[in-house]
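Participant: My structure is in upload21.txt, and what it holds is compact mmCIF, C-alpha atoms:
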# COMPACT_ATOMS: atom_id res chain seq x y z
CA ALA A 1 -11.46 19.89 1.61
CA THR A 2 -7.83 19.39 0.60
CA ALA A 3 -4.47 20.31 2.00
CA ALA A 4 -5.35 23.88 1.06
CA ALA A 5 -7.57 23.94 4.14
CA ASP A 6 -4.41 24.30 6.23
CA ASN A 7 -3.64 27.74 4.80
CA GLY A 8 -5.49 29.65 7.51
CA ALA A 9 -5.63 33.43 7.71
CA ASP A 10 -3.96 35.44 10.47
CA ASP A 11 -5.72 36.23 13.72
CA GLY A 12 -7.26 39.66 13.99
CA ALA A 13 -10.45 41.50 14.66
CA ALA A 14 -13.07 41.59 11.97
CA SER A 15 -13.79 45.04 10.51
CA ALA A 16 -16.83 46.84 11.78
CA SER A 17 -19.83 46.79 9.48
CA SER A 18 -20.68 50.04 7.71
CA SER A 19 -24.40 49.20 7.88
CA SER A 20 -26.66 49.71 10.87
CA GLY A 21 -26.57 47.23 13.72
CA PRO A 22 -23.80 45.85 15.91
CA PRO A 23 -20.46 44.91 14.37
CA PRO A 24 -19.62 41.22 13.97
CA PRO A 25 -17.84 39.59 16.89
CA PRO A 26 -14.02 39.60 16.97
CA ARG A 27 -12.33 36.90 14.93
CA LEU A 28 -10.91 34.60 17.56
CA CYS A 29 -10.14 31.87 15.04
CA SER A 30 -9.36 31.56 11.33
CA CYS A 31 -12.29 29.37 10.30
CA VAL A 32 -13.94 30.13 6.96
CA GLY A 33 -16.77 28.51 5.01
CA ILE A 34 -17.93 25.30 6.69
CA ARG A 35 -14.88 25.06 8.97
CA SER A 36 -15.67 25.28 12.68
CA CYS A 37 -14.08 25.00 16.10
CA GLY A 38 -15.01 25.62 19.71
CA LEU A 39 -14.57 29.37 19.22
CA CYS A 40 -17.09 29.75 16.40
CA GLY A 41 -19.48 26.86 16.92
CA ASP A 42 -22.29 29.04 18.26
CA PRO A 43 -24.86 29.59 15.45
CA ALA A 44 -25.12 33.31 16.25
CA VAL A 45 -21.36 33.73 15.95
CA ARG A 46 -21.31 31.83 12.66
CA GLU A 47 -24.13 33.93 11.23
CA ALA A 48 -22.46 37.18 12.29
CA ARG A 49 -19.19 36.13 10.65
CA GLY A 50 -20.87 34.88 7.49
CA LEU A 51 -19.83 31.26 8.08
CA HIS A 52 -21.83 28.36 6.70
CA GLN A 53 -23.56 25.86 8.93
CA ALA A 54 -21.00 23.34 10.16
CA ARG A 55 -21.36 19.84 8.71
CA ALA A 56 -19.85 16.68 10.19
CA PRO A 57 -21.36 13.61 8.47
CA ALA A 58 -18.53 11.37 9.66
CA ALA A 59 -19.44 12.08 13.29
CA SER A 60 -22.82 10.37 12.84
CA ALA A 61 -21.60 7.48 10.67
CA PRO A 62 -21.69 3.83 11.77
CA THR A 63 -18.30 3.19 13.30
CA ALA A 64 -15.76 0.40 13.47
CA VAL A 65 -12.49 0.34 15.40
CA LEU A 66 -9.34 -0.84 13.68
CA GLN A 67 -7.55 -3.48 15.73
CA VAL A 68 -4.82 -6.01 15.04
CA ARG A 69 -5.78 -9.58 15.92
CA GLU A 70 -3.27 -12.38 15.46
CA GLY A 71 -1.21 -10.06 13.30
CA VAL A 72 -4.11 -9.19 10.98
CA PRO A 73 -5.73 -5.71 10.96
CA VAL A 74 -9.51 -5.98 11.24
CA ALA A 75 -12.50 -3.65 11.64
CA CYS A 76 -14.43 -4.36 14.85
CA PHE A 77 -18.05 -3.16 14.96
CA GLY A 78 -20.18 -2.45 18.01
CA ASP A 79 -22.59 -5.26 17.10
CA GLY A 80 -19.83 -7.85 17.36
CA ARG A 81 -18.99 -8.14 13.66
CA VAL A 82 -15.32 -8.41 12.78
CA LEU A 83 -14.33 -7.85 9.15
CA ARG A 84 -11.03 -7.95 7.39
CA LEU A 85 -10.20 -4.56 5.92
CA ASP A 86 -10.57 -5.93 2.38
CA GLU A 87 -14.14 -6.99 3.26
CA LEU A 88 -15.31 -3.42 3.86
CA PRO A 89 -17.53 -1.80 1.16
CA VAL A 90 -14.44 0.10 0.00
CA PRO A 91 -11.41 -2.05 0.91
CA LEU A 92 -9.09 -0.18 3.26
CA HIS A 93 -5.39 -0.67 2.69
CA GLY A 94 -2.25 1.42 2.95
CA PHE A 95 -2.68 2.63 6.55
CA GLU A 96 -0.15 1.59 9.20
CA VAL A 97 0.77 2.76 12.71
CA PHE A 98 4.32 2.65 14.10
CA LEU A 99 4.67 2.76 17.88
CA ASP A 100 7.38 4.56 19.86
CA VAL A 101 9.23 6.33 17.06
CA ILE A 102 10.35 8.73 19.79
CA GLU A 103 12.33 7.26 22.68
CA GLY A 104 10.42 8.33 25.77
CA GLU A 105 9.17 11.53 27.37
CA ALA A 106 12.58 13.20 27.64
CA GLU A 107 13.25 13.08 23.90
CA GLU A 108 9.66 14.11 23.18
CA ALA A 109 10.07 17.12 25.50
CA ASP A 110 13.28 18.11 23.69
CA ILE A 111 11.53 17.98 20.31
CA LEU A 112 8.59 20.01 21.59
CA LYS A 113 11.04 22.60 22.92
CA GLU A 114 12.63 22.86 19.47
CA ILE A 115 9.19 23.26 17.92
CA GLU A 116 8.31 26.10 20.27
CA ALA A 117 11.37 28.06 19.07
CA TRP A 118 9.45 28.74 15.84
CA PRO A 119 6.38 31.01 15.61
CA TRP A 120 2.90 29.57 15.30
CA GLU A 121 0.36 30.96 12.85
CA SER A 122 -3.41 30.74 13.29
CA SER A 123 -5.01 28.09 11.08
CA GLN A 124 -8.53 26.86 10.43
CA SER A 125 -10.72 24.68 12.68
CA GLY A 126 -9.11 26.05 15.84
CA ARG A 127 -5.61 24.84 15.02
CA TRP A 128 -2.21 26.55 14.98
CA LYS A 129 0.38 25.73 12.32
CA GLN A 130 4.01 25.93 11.27
CA ASP A 131 4.72 25.11 7.62
CA PHE A 132 8.13 24.20 6.23
CA GLY A 133 7.61 23.72 2.52
CA PRO A 134 6.56 25.22 -0.80
CA ARG A 135 3.43 27.36 -1.17
CA ALA A 136 0.66 26.34 -3.53
CA ASN A 137 -2.50 27.70 -5.08
CA PHE A 138 -4.49 24.47 -5.26
CA LYS A 139 -7.34 25.89 -7.34
CA ARG A 140 -5.01 27.21 -10.03
CA GLN A 141 -2.46 24.40 -9.55
CA LEU A 142 0.47 26.76 -9.10
CA ILE A 143 3.48 26.16 -6.88
CA LYS A 144 5.94 28.68 -5.43
CA VAL A 145 9.18 28.07 -3.53
CA PRO A 146 9.58 31.12 -1.27
CA ASP A 147 12.99 32.39 -0.17
CA THR A 148 11.92 31.78 3.44
CA PHE A 149 11.81 28.03 2.79
CA GLN A 150 15.36 26.97 3.60
CA GLY A 151 14.85 23.37 4.67
CA LEU A 152 13.06 21.12 7.12
CA PRO A 153 13.74 21.39 10.86
CA ARG A 154 16.44 19.17 12.36
CA TYR A 155 14.01 17.00 14.31
CA GLY A 156 11.95 16.52 11.15
CA HIS A 157 14.81 14.90 9.28
CA GLU A 158 15.61 12.67 12.28
CA LEU A 159 12.02 11.53 12.87
CA LEU A 160 11.38 10.79 9.22
CA LYS A 161 14.58 8.76 8.98
CA ARG A 162 13.32 6.55 11.82
CA VAL A 163 9.88 6.04 10.31
CA VAL A 164 11.26 5.26 6.85
CA GLY A 165 13.48 2.63 8.46
CA ARG A 166 10.39 0.88 9.86
CA ASN A 167 8.69 0.07 6.54
CA THR A 168 9.99 -0.80 3.09
CA ALA A 169 6.86 0.83 1.62
CA LEU A 170 8.55 4.17 2.37
CA GLU A 171 11.64 3.40 0.30
CA GLY A 172 12.56 6.44 -1.80
CA PHE A 173 10.32 8.79 0.17
CA GLN A 174 11.59 12.35 -0.43
CA PRO A 175 9.79 14.84 1.83
CA VAL A 176 9.03 18.26 0.40
CA GLU A 177 6.93 19.54 3.29
CA CYS A 178 6.98 19.33 7.08
CA LEU A 179 3.70 20.72 8.41
CA LEU A 180 3.07 21.10 12.13
CA LEU A 181 -0.45 21.46 13.52
CA ARG A 182 -1.20 22.19 17.15
CA TYR A 183 -4.58 21.04 18.47
CA GLU A 184 -5.85 22.46 21.76
CA GLU A 185 -8.81 20.88 23.54
CA GLU A 186 -9.97 24.20 24.99
CA ARG A 187 -10.26 25.68 21.48
CA GLY A 188 -12.28 22.73 20.18
CA ALA A 189 -9.57 22.18 17.55
CA ASN A 190 -10.24 19.54 14.91
CA HIS A 191 -9.48 18.65 11.31
CA ASP A 192 -12.38 18.46 8.87
CA PHE A 193 -12.64 15.29 6.79
CA HIS A 194 -10.76 15.54 3.51
CA VAL A 195 -8.53 13.86 0.96
CA ASP A 196 -5.16 15.59 0.69
CA ASP A 197 -4.62 17.28 -2.66
CA THR A 198 -3.67 14.79 -5.39
CA TRP A 199 -2.24 17.26 -7.91
CA LEU A 200 0.68 18.32 -5.70
CA TRP A 201 1.10 15.69 -2.99
CA GLY A 202 2.22 12.14 -3.78
CA GLU A 203 0.77 8.84 -2.61
CA ARG A 204 2.51 8.52 0.76
CA ILE A 205 1.88 10.75 3.77
CA VAL A 206 3.61 10.29 7.12
CA GLY A 207 2.40 11.71 10.43
CA VAL A 208 3.76 11.82 13.99
CA THR A 209 1.79 12.48 17.20
CA LEU A 210 3.34 14.41 20.11
CA GLY A 211 2.04 15.65 23.47
CA SER A 212 -1.12 13.59 23.78
CA PRO A 213 -2.76 10.62 22.03
CA THR A 214 -5.71 10.97 19.68
CA VAL A 215 -7.92 8.98 17.33
CA PHE A 216 -7.50 9.14 13.56
CA THR A 217 -10.84 8.64 11.82
CA LEU A 218 -11.09 7.34 8.27
CA TYR A 219 -14.43 7.96 6.56
CA ASP A 220 -15.93 6.42 3.42
CA PRO A 221 -18.62 8.82 2.11
CA ALA A 222 -20.02 6.24 -0.32
CA SER A 223 -20.99 3.74 2.39
CA HIS A 224 -21.20 6.32 5.21
CA LEU A 225 -18.80 4.24 7.31
CA ALA A 226 -16.12 5.47 9.70
CA VAL A 227 -13.12 3.45 10.90
CA ARG A 228 -11.35 4.79 13.98
CA VAL A 229 -7.67 4.17 14.65
CA ALA A 230 -5.90 4.95 17.93
CA LEU A 231 -2.78 7.10 17.54
CA PRO A 232 -0.76 6.76 20.75
CA ARG A 233 1.55 9.51 21.90
CA ARG A 234 4.97 9.33 20.20
CA SER A 235 3.61 7.10 17.41
CA ALA A 236 3.72 7.62 13.65
CA TYR A 237 1.45 6.57 10.83
CA LEU A 238 1.66 6.00 7.08
CA ILE A 239 -1.31 6.68 4.83
CA SER A 240 -1.18 5.44 1.23
CA GLY A 241 -3.17 3.32 -1.21
CA SER A 242 -6.95 3.34 -0.83
CA ALA A 243 -6.63 4.98 2.59
CA ARG A 244 -5.01 7.92 0.80
CA TYR A 245 -7.25 8.23 -2.25
CA GLU A 246 -10.62 6.57 -1.53
CA TRP A 247 -11.16 7.26 2.17
CA GLN A 248 -11.35 10.69 3.73
CA HIS A 249 -9.56 11.27 7.03
CA GLY A 250 -9.87 13.75 9.87
CA ILE A 251 -9.62 14.42 13.61
CA LEU A 252 -12.78 15.00 15.69
CA ALA A 253 -12.72 17.68 18.38
CA GLU A 254 -13.84 15.16 21.02
CA ASP A 255 -10.70 13.12 20.32
CA ILE A 256 -8.37 15.91 21.46
CA ARG A 257 -7.30 15.86 25.11
CA GLY A 258 -5.06 18.64 26.32
CA VAL A 259 -2.63 19.66 23.55
CA ARG A 260 -1.61 17.47 20.62
CA THR A 261 1.14 18.47 18.20
CA ALA A 262 1.03 16.70 14.83
CA ILE A 263 3.92 16.60 12.35
CA THR A 264 3.02 15.69 8.77
CA PHE A 265 5.48 14.91 5.97
CA ARG A 266 4.39 14.94 2.33
CA GLU A 267 6.10 14.03 -0.93
CA LEU A 268 5.47 15.47 -4.40
CA THR A 269 3.71 13.70 -7.22
CA ARG A 270 6.15 12.35 -9.77
CA GLU A 271 4.90 14.85 -12.37
CA THR A 272 5.55 17.83 -10.08
CA ALA A 273 8.87 16.44 -8.83
CA ASP A 274 10.13 16.34 -12.44
CA THR A 275 9.58 20.07 -12.98
CA ASP A 276 12.18 22.77 -12.30
CA LEU A 277 10.16 24.09 -9.35
CA GLY A 278 9.70 20.58 -8.03
CA ARG A 279 13.43 19.91 -8.13
CA LEU A 280 14.09 23.25 -6.42
CA ALA A 281 11.58 22.47 -3.66
CA LEU A 282 13.10 19.03 -3.05
CA ALA A 283 16.60 20.49 -2.91
CA ARG A 284 15.47 23.06 -0.35
CA ALA A 285 13.68 20.39 1.70
CA ALA A 286 16.84 18.27 1.85
CA ALA A 287 18.56 21.09 3.75
CA THR A 288 18.14 21.81 7.46
CA ALA A 289 16.46 25.01 8.62
CA THR A 290 18.61 26.25 11.49
CA ALA A 291 17.57 29.83 12.23
CA ALA A 292 14.06 30.34 13.55
CA PRO A 293 12.53 33.67 12.48
CA GLU A 294 11.76 36.29 15.06
CA ARG A 295 8.94 35.08 17.31
CA LEU A 296 5.58 36.75 16.72
CA PRO A 297 3.90 36.97 20.14
CA GLU A 298 0.44 37.65 18.74
CA ARG A 299 0.58 34.36 16.85
CA VAL A 300 2.00 32.20 19.61
CA PRO A 301 -0.56 30.02 21.40
CA PRO A 302 -0.84 30.67 25.14
Written as structure tokens, how would this file's structure read?
Facilitator:
Amino acid sequence: ATAAADNGADDGAASASSSSGPPPPPRLCSCVGIRSCGLCGDPAVREARGLHQARAPAASAPTAVLQVREGVPVACFGDGRVLRLDELPVPLHGFEVFLDVIEGEAEEADILKEIEAWPWESSQSGRWKQDFGPRANFKRQLIKVPDTFQGLPRYGHELLKRVVGRNTALEGFQPVECLLLRYEEERGANHDFHVDDTWLWGERIVGVTLGSPTVFTLYDPASHLAVRVALPRRSAYLISGSARYEWQHGILAEDIRGVRTAITFRELTRETADTDLGRLALARAAATATAAPERLPERVPP
């Protein structure tokens, strides 16, 4: 899966079958293919909707927990082994967590209130989304800058400025997308393991966690090893280097408690940034989107 997995279809009822037999069940989520959530996990529902059997190899992988001991990040295994991240089968580097990028519950509540002023759209794996950025056809490697993209939200610019100030590795980071994903425990929301698209998106990806904490799981398919990293509420993370390109990452449904809102910032590859469309997208992203479109009640999570 790539970033294209976030382009979920709208909610709506599936059309009735013209053949004999009962119609398929209503589409309560936007999952397609192997994507799954708590609303479509039942095998009978998946068969009726033509979905593939859900696969989650990372969920059964041997697991280590990333901790920082004496200032050094290490992978701690259940059998007592402690390895430096460069001692793993595929060395893990380029992942960092920044605590308290938001100053307490009051500021967090204000940001969440701003977020709720914009409409949510149904996405895959039980999530909801808001997307401020260009549109892309990842299979055909085509990019479009729609007229509706008029900048990133105010809080997005402010949060990113704080995170960039915490690490020199983010020097020169120019965001082109601000993607919001809402995970609800009662929907079994999750994010399938993937590497974000490498044709469009650059090396560095920044994320912020609001509402409730979660666990970010990095998975190495070659060695079938998972490394779990705690993401506290109001924290941010940077993913780059081997963590970006050689390890998959995702969010397991069992790691969602209540409602978590995730904000992800992406930059363009240098090749795309140097095109006319790339420059247009970056110019739009540098602006501030001030007028939320009319709210769409059927797309707003309860």
Participant: Select, from A:Gly38, A:Gly151, A:Pro73, A:Pro119, the residue with the minimum atom-to-atom distance to Leu181 of chain A, counting only C-alpha atoms.
Facilitator: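 Closest to Leu181 of chain A of all the choices is A:Pro119.
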Participant: For each of A:Gly41, A:Pro146, A:Pro62, A:Pro89, take the minimum atom-to-atom distance to Arg187 of chain A, counting all atoms listed in the file, then give the residue where this is smallest.
Facilitator: A:Gly41
Participant: Might you pull out every residue within 7 Å of segment 127-131 of chain A, with all atoms listed in the file counted and same-chain residues fewer than 3 positions away left off, and present them as a PDB file with C-alpha atoms, keeping the file's coordinate frame?
Facilitator:
ATOM      1  CA  TRP A 120       2.900  29.570  15.300  1.00  0.00           C
ATOM      2  CA  GLU A 121       0.360  30.960  12.850  1.00  0.00           C
ATOM      3  CA  SER A 122      -3.410  30.740  13.290  1.00  0.00           C
ATOM      4  CA  SER A 123      -5.010  28.090  11.080  1.00  0.00           C
ATOM      5  CA  GLN A 124      -8.530  26.860  10.430  1.00  0.00           C
ATOM      6  CA  CYS A 178       6.980  19.330   7.080  1.00  0.00           C
ATOM      7  CA  LEU A 179       3.700  20.720   8.410  1.00  0.00           C
ATOM      8  CA  LEU A 180       3.070  21.100  12.130  1.00  0.00           C
ATOM      9  CA  LEU A 181      -0.450  21.460  13.520  1.00  0.00           C
ATOM     10  CA  ARG A 182      -1.200  22.190  17.150  1.00  0.00           C
ATOM     11  CA  TYR A 183      -4.580  21.040  18.470  1.00  0.00           C
ATOM     12  CA  ALA A 189      -9.570  22.180  17.550  1.00  0.00           C
TER      13      ALA A 189
END
Participant: Just how far from atom CA of Ala226 of chain A is atom CA of Gly126 of chain A, in Å to one decimal?
Facilitator: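 Answer for the atom CA of Gly126 of chain A to atom CA of Ala226 of chain A separation: 22.6 Å.
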Participant: What does the distance between atom CA of Val72 of chain A and atom CA of Arg84 of chain A come to in Å, to one decimal place?
Facilitator: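 Computing it gives 7.9 Å between the two atoms.
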Participant: Can I get N, CA, C and O atoms for segment 165-192 of chain A, as a PDB file, in the first residue's frame?
Facilitator:
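So the final result, stored in out07.pdb, reads:
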ATOM      1  N   GLY A 165      11.468  23.380  14.441  1.00  0.00           N
ATOM      2  CA  GLY A 165      12.393  24.017  15.365  1.00  0.00           C
ATOM      3  C   GLY A 165      13.021  23.059  16.361  1.00  0.00           C
ATOM      4  O   GLY A 165      13.972  23.429  17.065  1.00  0.00           O
ATOM      5  N   ARG A 166      12.521  21.823  16.421  1.00  0.00           N
ATOM      6  CA  ARG A 166      13.034  20.848  17.386  1.00  0.00           C
ATOM      7  C   ARG A 166      14.132  19.957  16.805  1.00  0.00           C
ATOM      8  O   ARG A 166      14.753  19.185  17.529  1.00  0.00           O
ATOM      9  N   ASN A 167      14.391  20.015  15.500  1.00  0.00           N
ATOM     10  CA  ASN A 167      15.358  19.101  14.906  1.00  0.00           C
ATOM     11  C   ASN A 167      15.950  19.708  13.639  1.00  0.00           C
ATOM     12  O   ASN A 167      15.218  20.058  12.707  1.00  0.00           O
ATOM     13  N   THR A 168      17.264  19.789  13.596  1.00  0.00           N
ATOM     14  CA  THR A 168      17.927  20.356  12.421  1.00  0.00           C
ATOM     15  C   THR A 168      17.757  19.469  11.187  1.00  0.00           C
ATOM     16  O   THR A 168      17.962  19.932  10.059  1.00  0.00           O
ATOM     17  N   ALA A 169      17.373  18.198  11.394  1.00  0.00           N
ATOM     18  CA  ALA A 169      17.146  17.307  10.246  1.00  0.00           C
ATOM     19  C   ALA A 169      15.964  17.769   9.406  1.00  0.00           C
ATOM     20  O   ALA A 169      15.805  17.327   8.265  1.00  0.00           O
ATOM     21  N   LEU A 170      15.139  18.668   9.964  1.00  0.00           N
ATOM     22  CA  LEU A 170      13.977  19.174   9.226  1.00  0.00           C
ATOM     23  C   LEU A 170      14.247  20.529   8.567  1.00  0.00           C
ATOM     24  O   LEU A 170      13.332  21.163   8.051  1.00  0.00           O
ATOM     25  N   GLU A 171      15.499  20.951   8.567  1.00  0.00           N
ATOM     26  CA  GLU A 171      15.835  22.216   7.921  1.00  0.00           C
ATOM     27  C   GLU A 171      15.446  22.174   6.451  1.00  0.00           C
ATOM     28  O   GLU A 171      15.725  21.199   5.735  1.00  0.00           O
ATOM     29  N   GLY A 172      14.764  23.210   5.985  1.00  0.00           N
ATOM     30  CA  GLY A 172      14.351  23.283   4.588  1.00  0.00           C
ATOM     31  C   GLY A 172      13.105  22.489   4.250  1.00  0.00           C
ATOM     32  O   GLY A 172      12.734  22.397   3.075  1.00  0.00           O
ATOM     33  N   PHE A 173      12.437  21.945   5.260  1.00  0.00           N
ATOM     34  CA  PHE A 173      11.221  21.173   5.006  1.00  0.00           C
ATOM     35  C   PHE A 173      10.113  22.101   4.504  1.00  0.00           C
ATOM     36  O   PHE A 173       9.718  23.045   5.186  1.00  0.00           O
ATOM     37  N   GLN A 174       9.626  21.848   3.306  1.00  0.00           N
ATOM     38  CA  GLN A 174       8.539  22.626   2.706  1.00  0.00           C
ATOM     39  C   GLN A 174       7.311  21.726   2.552  1.00  0.00           C
ATOM     40  O   GLN A 174       7.267  20.905   1.635  1.00  0.00           O
ATOM     41  N   PRO A 175       6.321  21.855   3.415  1.00  0.00           N
ATOM     42  CA  PRO A 175       5.163  20.963   3.317  1.00  0.00           C
ATOM     43  C   PRO A 175       4.337  21.263   2.080  1.00  0.00           C
ATOM     44  O   PRO A 175       4.154  22.410   1.695  1.00  0.00           O
ATOM     45  N   VAL A 176       3.834  20.209   1.456  1.00  0.00           N
ATOM     46  CA  VAL A 176       2.935  20.378   0.324  1.00  0.00           C
ATOM     47  C   VAL A 176       1.576  19.767   0.631  1.00  0.00           C
ATOM     48  O   VAL A 176       0.604  20.010  -0.080  1.00  0.00           O
ATOM     49  N   GLU A 177       1.508  18.977   1.705  1.00  0.00           N
ATOM     50  CA  GLU A 177       0.255  18.343   2.087  1.00  0.00           C
ATOM     51  C   GLU A 177       0.114  18.334   3.598  1.00  0.00           C
ATOM     52  O   GLU A 177       1.083  18.113   4.332  1.00  0.00           O
ATOM     53  N   CYS A 178      -1.110  18.564   4.053  1.00  0.00           N
ATOM     54  CA  CYS A 178      -1.502  18.387   5.453  1.00  0.00           C
ATOM     55  C   CYS A 178      -2.707  17.445   5.432  1.00  0.00           C
ATOM     56  O   CYS A 178      -3.801  17.841   5.031  1.00  0.00           O
ATOM     57  N   LEU A 179      -2.487  16.204   5.833  1.00  0.00           N
ATOM     58  CA  LEU A 179      -3.530  15.181   5.799  1.00  0.00           C
ATOM     59  C   LEU A 179      -3.963  14.858   7.218  1.00  0.00           C
ATOM     60  O   LEU A 179      -3.136  14.553   8.074  1.00  0.00           O
ATOM     61  N   LEU A 180      -5.251  14.935   7.481  1.00  0.00           N
ATOM     62  CA  LEU A 180      -5.794  14.582   8.781  1.00  0.00           C
ATOM     63  C   LEU A 180      -6.541  13.265   8.681  1.00  0.00           C
ATOM     64  O   LEU A 180      -7.345  13.074   7.766  1.00  0.00           O
ATOM     65  N   LEU A 181      -6.275  12.365   9.612  1.00  0.00           N
ATOM     66  CA  LEU A 181      -6.970  11.086   9.694  1.00  0.00           C
ATOM     67  C   LEU A 181      -7.545  10.940  11.099  1.00  0.00           C
ATOM     68  O   LEU A 181      -6.844  11.161  12.087  1.00  0.00           O
ATOM     69  N   ARG A 182      -8.804  10.580  11.142  1.00  0.00           N
ATOM     70  CA  ARG A 182      -9.492  10.380  12.417  1.00  0.00           C
ATOM     71  C   ARG A 182      -9.731   8.876  12.606  1.00  0.00           C
ATOM     72  O   ARG A 182     -10.354   8.220  11.769  1.00  0.00           O
ATOM     73  N   TYR A 183      -9.204   8.351  13.717  1.00  0.00           N
ATOM     74  CA  TYR A 183      -9.333   6.941  14.051  1.00  0.00           C
ATOM     75  C   TYR A 183     -10.302   6.801  15.216  1.00  0.00           C
ATOM     76  O   TYR A 183     -10.108   7.429  16.265  1.00  0.00           O
ATOM     77  N   GLU A 184     -11.332   5.977  15.044  1.00  0.00           N
ATOM     78  CA  GLU A 184     -12.302   5.750  16.119  1.00  0.00           C
ATOM     79  C   GLU A 184     -12.237   4.292  16.552  1.00  0.00           C
ATOM     80  O   GLU A 184     -12.340   3.371  15.723  1.00  0.00           O
ATOM     81  N   GLU A 185     -12.080   4.075  17.843  1.00  0.00           N
ATOM     82  CA  GLU A 185     -11.988   2.717  18.376  1.00  0.00           C
ATOM     83  C   GLU A 185     -13.218   1.891  18.021  1.00  0.00           C
ATOM     84  O   GLU A 185     -13.107   0.720  17.633  1.00  0.00           O
ATOM     85  N   GLU A 186     -14.399   2.489  18.117  1.00  0.00           N
ATOM     86  CA  GLU A 186     -15.633   1.733  17.895  1.00  0.00           C
ATOM     87  C   GLU A 186     -15.789   1.294  16.441  1.00  0.00           C
ATOM     88  O   GLU A 186     -16.552   0.372  16.153  1.00  0.00           O
ATOM     89  N   ARG A 187     -15.075   1.911  15.518  1.00  0.00           N
ATOM     90  CA  ARG A 187     -15.111   1.515  14.111  1.00  0.00           C
ATOM     91  C   ARG A 187     -13.984   0.532  13.770  1.00  0.00           C
ATOM     92  O   ARG A 187     -13.878   0.087  12.630  1.00  0.00           O
ATOM     93  N   GLY A 188     -13.137   0.208  14.748  1.00  0.00           N
ATOM     94  CA  GLY A 188     -12.004  -0.660  14.453  1.00  0.00           C
ATOM     95  C   GLY A 188     -11.036  -0.024  13.466  1.00  0.00           C
ATOM     96  O   GLY A 188     -10.382  -0.718  12.678  1.00  0.00           O
ATOM     97  N   ALA A 189     -10.912   1.303  13.508  1.00  0.00           N
ATOM     98  CA  ALA A 189     -10.062   2.016  12.555  1.00  0.00           C
ATOM     99  C   ALA A 189      -8.601   1.621  12.731  1.00  0.00           C
ATOM    100  O   ALA A 189      -8.126   1.378  13.838  1.00  0.00           O
ATOM    101  N   ASN A 190      -7.883   1.591  11.617  1.00  0.00           N
ATOM    102  CA  ASN A 190      -6.481   1.206  11.624  1.00  0.00           C
ATOM    103  C   ASN A 190      -5.820   1.779  10.376  1.00  0.00           C
ATOM    104  O   ASN A 190      -6.466   2.434   9.566  1.00  0.00           O
ATOM    105  N   HIS A 191      -4.538   1.531  10.234  1.00  0.00           N
ATOM    106  CA  HIS A 191      -3.831   1.915   9.006  1.00  0.00           C
ATOM    107  C   HIS A 191      -2.955   0.750   8.588  1.00  0.00           C
ATOM    108  O   HIS A 191      -2.029   0.377   9.310  1.00  0.00           O
ATOM    109  N   ASP A 192      -3.268   0.177   7.433  1.00  0.00           N
ATOM    110  CA  ASP A 192      -2.546  -0.990   6.938  1.00  0.00           C
ATOM    111  C   ASP A 192      -1.072  -0.645   6.735  1.00  0.00           C
ATOM    112  O   ASP A 192      -0.714   0.507   6.451  1.00  0.00           O
TER     113      ASP A 192
END
